[in-house]
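The block underneath contains the structure these notes are about, expressed in structure tokens.
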Amino acid sequence: MQSNLPDTPLANPTAPRWWLWIVDRIAAIPGRAWAVMLILLVMPLVANDFFLFQIFGWSFILGIVALSLMFLAGYGGMVSLIQMSVAGLAGYMVALFGESGTAISLGLPWWFVIPLAIAIATLFGSLVGLLAVRTEGIYTIMITLAMASAFYYFTRQNYTIFNGYTGFNLVLPPALFGVDWRQPVAFYYLTLVVAGLCHLLVTYVSRAPFGLALQGVRDNPRRMAALGFNVTAHRVAAYAFASVLASIGGILLVWQNAQIAPGTAGIHATFDILIIAVIGGLSRPSGPFLGAFLFVLLATFAPDVLRAIGASGERYKMLIGAIFLIVVFVSPDGLLGLWERWKARMVRDDMMRGGGGVDR
Amino acid sequence: MSETLSDQTAGATSGTASANALELTGVSKLFGALAALSEIDLAIKPGERRAVLGSNGAGKTTLFNCITGDFLPSSGRIRMFGEDVTRFPAQERIRRGLRRTYQISLLFNGLTVRDNVYLACRGVSRGRYSFLRPRADDSLMHASEELIAAVHLTDLIDTPVAVLAYGQQRQLEIALALAGAPRLILFDEPAAGLSPTERRELVEILTGLPGHIGYVIIEHDMDVALRVAERVTMMHNGRIFKEGLPEEIENDPEVQALYLGDGHE
């Protein structure tokens with residue numbers, strides 16, 4: 001019988017290796033991820049501009065910065081509070097070297113400014129890492145918090161680089177391909193694609209030798225040295241990698257706000273990133289994005305909710321704090337942990353009912 | 001980083017052929033006022049199999065920690081294959097062909113059996129910082145699978161280490177120590193807590209090692225120790241007390257009075 005099926009690349013032995021690899025990868029993506037991707041891609045058809053720009057755009061950006069913390073804490077066992085400062089520094093560097101409404105900006109071209117900003121912020125993050133990796137547990141938190149505070153006060157007091165209190169305004173993304181990237185739909189897709197790539201990158205690296213060895217360092221640093229690894233160097237390299245992610249988030253953040261000031265990377269923002277990562281869950285790269293989405297929803301709508309029930313809108317931080325407490329109390333691994341447990345229960349119930357396998 | 005240098009040494013390029021695999025001269029280790037090791041002189045020839053005996057607190061594990069580089073000795077020199085490694089960090093010694101296992105299993109509990117062994121193989125080769133995932137035909141992945149088969153853990157290859165039984169964790173410890181091209185392995189009580197069957201398997205693995213791989217084994221079980229060692233060193237209170245052939249040590253009246261007489265399980 002003649003087959004009407006077209007030649008699939010999988011069945012085509014002459015297809016190049018890289019193509020087979022890509023097809024393989026795509027086939028390996030689970031159905032759930034396809035569904036999430038599809039929903040996010042068609043979101044602009046249903047969501048209004050406010051949602052696209054303020055809710056999703058901001059969630060993706062905070063998610064990227066929190067992802068850098070998830071990488072360090074989840075895979076490396078290092079809870080670093082410097083990630084928001086690294087993001088802030090990258091944002092400041094974009095404003096300083098690129099164009100802004102402030103006189104001290106140098107107005108250099110974007111293709112030079114963006115790599116330069118990432119490089120400077122990564123250097124800063126790696127230097128902090130160099131100090132922090134010699135400590136463990138609570139001392140890592142303390143030393144990175146001290147650095148984050150120092151960075152915040154420095155940006156407030158320094159006028160030659162950071163322009164003090166006022167910071168920089170009118171920091172706009174380059175009008176690449178003639179697109180205004182701050183238009184809600186364009187900004188939505190910009191942040192979605194960058195966040196998606198960062199998520200993919202972290203997922204991929206977590207199973208590469210660098211990421212595996214980092215998890216080895218987390219579980220047992222002494223044994224890692226006894227296997228030939230340089231534990232200190234590996235940890236510093238992890239800080240460098242996380243700094244690249246954080247600075248990408250920082251650049252998107254300065255574009256979204258069109259301005260940057262000391263408060264952008266202040267102490268509150270530092271803790272927000274920690275809260276996002278913990279609420280979302282530190283075990284997988286999707287956690288920080290879940291956490292960021294919940295955080296942004298709360299930060300945006302909590303005042304309205306409070307006012308609706310007759311309370312004062314200014315107390316919205318209390319609501320965020322309460323929900324943070326509940327999530328951590330109910331599930332040690334944040335929203336990811338809740339999801340995993342719900343899945344496990346579904347499987348169990350299915351088996352109780354005598355259903356054979358679980359439909360994925 | 002000195003990786004390019006150390007990666008070459010797997011094939012015995014450094015040191016002279018006549019050099020001892022391990023040579024300790026006057027090694028002491030003080031913890032405050034306590035001398036855990038005093039004036040240890042020890043020489044292990046390439047390929048030699050040595051057992052270290054001694055009661056608890058004799059300094060056996062401290063000796064291993066000094067050789068591995070977990071502690072720096074308070075005084076004395078350590079040479080490996082003719083090279084002075086006294087001040088080298090642990091990973092540099094490992095890259096020169098030293099391996100060790102731990103008395104209490106030190107494994108990566110969050111990772112699978114395969115990933116544990118893969119890390120051990122990766123640690124002594126290039127690409128420790130590689131961002132590229134191993135491909136299906138990766139030679140180190142292949143080597144890892146062979147090591148896992150050698151310690152009879154193939155059925156559990158994708159199981160997280162945290163759920164392995166005690167004896168299986170001990171076997172995995174040994175697989176980690178055999179990764180790469182070891183030249184001298186330190187086994188710290190590998191038989192502790194194993195069943196008689198598992199002990200027999202352990203002895204088979206140890207005696208079946210290629211002749212150029214030497215090892216030093218700390219072992220309380222005399223049956224195991226005397227079967228797998230060519231020479232025996234007896235330690236007592238941080239000092240070397242006796243050294244000789246297994247029969248000599250076993251029949252030595254002083255050793256019997258000190259060790260075999262009391263507290264021998």
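For the structure tokens, the naming scheme is as follows: chains receive sequential letters (A, B, ...) according to their order of presentation, residues are indexed from 1 within each chain, and ligands are indexed from 1 in presentation order.
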I'd like a table as JSON lines: residues in chain B with an atom no more than 6 Å from chain A, each row giving the shortest atom pair and its distance in Å to one decimal, only C-alpha atoms counted, sorted by chain and rising residue number.
{"residue": "B:Ala90", "atom": "CA", "partner": "A:Ala225", "partner_atom": "CA", "distance": 5.7}
{"residue": "B:Gln91", "atom": "CA", "partner": "A:Gly228", "partner_atom": "CA", "distance": 3.9}
{"residue": "B:Ile94", "atom": "CA", "partner": "A:Gly228", "partner_atom": "CA", "distance": 5.1}
{"residue": "B:Arg95", "atom": "CA", "partner": "A:Gly228", "partner_atom": "CA", "distance": 5.6}
{"residue": "B:Phe108", "atom": "CA", "partner": "A:Asp219", "partner_atom": "CA", "distance": 5.1}
{"residue": "B:Ala120", "atom": "CA", "partner": "A:Leu227", "partner_atom": "CA", "distance": 5.4}
{"residue": "B:Gly123", "atom": "CA", "partner": "A:Gly228", "partner_atom": "CA", "distance": 4.6}
{"residue": "B:Val124", "atom": "CA", "partner": "A:Gly228", "partner_atom": "CA", "distance": 5.4}
{"residue": "B:Tyr129", "atom": "CA", "partner": "A:Phe210", "partner_atom": "CA", "distance": 4.5}
{"residue": "B:Ser130", "atom": "CA", "partner": "A:Phe210", "partner_atom": "CA", "distance": 5.3}
{"residue": "B:Phe131", "atom": "CA", "partner": "A:Ala208", "partner_atom": "CA", "distance": 5.5}
{"residue": "B:Leu132", "atom": "CA", "partner": "A:Ala208", "partner_atom": "CA", "distance": 5.3}
{"residue": "B:Arg133", "atom": "CA", "partner": "A:Ala208", "partner_atom": "CA", "distance": 4.0}
Produce a file of the selected residues containing N, CA, C and O atoms, as a PDB file, in the first residue's frame.
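The file below, selection28.pdb, is the result:
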ATOM      1  N   ALA B  90      43.406  19.483  47.696  1.00  0.00           N
ATOM      2  CA  ALA B  90      42.973  18.106  47.434  1.00  0.00           C
ATOM      3  C   ALA B  90      42.836  17.823  45.942  1.00  0.00           C
ATOM      4  O   ALA B  90      43.338  16.814  45.446  1.00  0.00           O
ATOM      5  N   GLN B  91      42.167  18.752  45.213  1.00  0.00           N
ATOM      6  CA  GLN B  91      41.869  18.421  43.812  1.00  0.00           C
ATOM      7  C   GLN B  91      43.122  18.225  42.969  1.00  0.00           C
ATOM      8  O   GLN B  91      43.142  17.433  42.039  1.00  0.00           O
ATOM      9  N   ILE B  94      44.288  14.702  43.559  1.00  0.00           N
ATOM     10  CA  ILE B  94      43.397  13.760  42.884  1.00  0.00           C
ATOM     11  C   ILE B  94      43.727  13.707  41.393  1.00  0.00           C
ATOM     12  O   ILE B  94      43.797  12.633  40.790  1.00  0.00           O
ATOM     13  N   ARG B  95      43.980  14.879  40.812  1.00  0.00           N
ATOM     14  CA  ARG B  95      44.267  14.916  39.370  1.00  0.00           C
ATOM     15  C   ARG B  95      45.588  14.242  39.056  1.00  0.00           C
ATOM     16  O   ARG B  95      45.880  13.951  37.905  1.00  0.00           O
ATOM     17  N   PHE B 108      26.638  12.220  46.654  1.00  0.00           N
ATOM     18  CA  PHE B 108      25.797  13.356  46.298  1.00  0.00           C
ATOM     19  C   PHE B 108      24.355  12.893  46.314  1.00  0.00           C
ATOM     20  O   PHE B 108      23.846  12.325  45.346  1.00  0.00           O
ATOM     21  N   ALA B 120      32.558  11.854  39.091  1.00  0.00           N
ATOM     22  CA  ALA B 120      33.885  11.346  39.457  1.00  0.00           C
ATOM     23  C   ALA B 120      34.767  11.247  38.213  1.00  0.00           C
ATOM     24  O   ALA B 120      35.950  11.598  38.252  1.00  0.00           O
ATOM     25  N   GLY B 123      35.656  14.816  37.050  1.00  0.00           N
ATOM     26  CA  GLY B 123      36.563  15.547  37.937  1.00  0.00           C
ATOM     27  C   GLY B 123      38.019  15.369  37.589  1.00  0.00           C
ATOM     28  O   GLY B 123      38.835  16.247  37.869  1.00  0.00           O
ATOM     29  N   VAL B 124      38.372  14.233  36.983  1.00  0.00           N
ATOM     30  CA  VAL B 124      39.766  13.992  36.664  1.00  0.00           C
ATOM     31  C   VAL B 124      40.007  14.087  35.156  1.00  0.00           C
ATOM     32  O   VAL B 124      40.969  13.528  34.639  1.00  0.00           O
ATOM     33  N   TYR B 129      34.061  22.522  33.602  1.00  0.00           N
ATOM     34  CA  TYR B 129      33.161  23.671  33.565  1.00  0.00           C
ATOM     35  C   TYR B 129      32.308  23.677  32.299  1.00  0.00           C
ATOM     36  O   TYR B 129      31.738  24.694  31.941  1.00  0.00           O
ATOM     37  N   SER B 130      32.246  22.550  31.607  1.00  0.00           N
ATOM     38  CA  SER B 130      31.572  22.533  30.319  1.00  0.00           C
ATOM     39  C   SER B 130      30.087  22.862  30.451  1.00  0.00           C
ATOM     40  O   SER B 130      29.402  22.375  31.338  1.00  0.00           O
ATOM     41  N   PHE B 131      29.595  23.698  29.519  1.00  0.00           N
ATOM     42  CA  PHE B 131      28.179  24.040  29.471  1.00  0.00           C
ATOM     43  C   PHE B 131      27.434  23.109  28.526  1.00  0.00           C
ATOM     44  O   PHE B 131      26.241  23.280  28.329  1.00  0.00           O
ATOM     45  N   LEU B 132      28.135  22.172  27.912  1.00  0.00           N
ATOM     46  CA  LEU B 132      27.486  21.289  26.946  1.00  0.00           C
ATOM     47  C   LEU B 132      27.142  19.956  27.585  1.00  0.00           C
ATOM     48  O   LEU B 132      27.978  19.333  28.230  1.00  0.00           O
ATOM     49  N   ARG B 133      25.917  19.537  27.417  1.00  0.00           N
ATOM     50  CA  ARG B 133      25.508  18.255  27.963  1.00  0.00           C
ATOM     51  C   ARG B 133      26.264  17.126  27.272  1.00  0.00           C
ATOM     52  O   ARG B 133      26.564  17.228  26.085  1.00  0.00           O
TER      53      ARG B 133
END
### Message
At a cut-off of 7 Å, using only C-alpha atoms, what residues contact Gly97 in chain B? Leave out same-chain residues fewer than 4 positions from it and give the result as number ranges by chain.
### Response
B: 10, 93, 181-184
#### Entry: Nearest-residue call for Leu116 in chain A, choices A:Gln259, A:Thr155, A:Ser247, A:Ser149, using only C-alpha atoms
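Once distances to Leu116 in chain A are computed over only C-alpha atoms, the minimum belongs to A:Ser247.
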### Query
To one decimal place, how far is CA of Val202 in chain A from CA of Leu176 in chain B in Å?
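Spanning CA of Val202 in chain A to CA of Leu176 in chain B is a straight-line distance of 26.7 Å.
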### Query
Could you work out how far CA of Phe81 in chain B lies from CA of Thr68 in chain B, giving the answer in Å with one decimal?
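So the two atoms, CA of Thr68 in chain B and CA of Phe81 in chain B, lie 14.0 Å apart.
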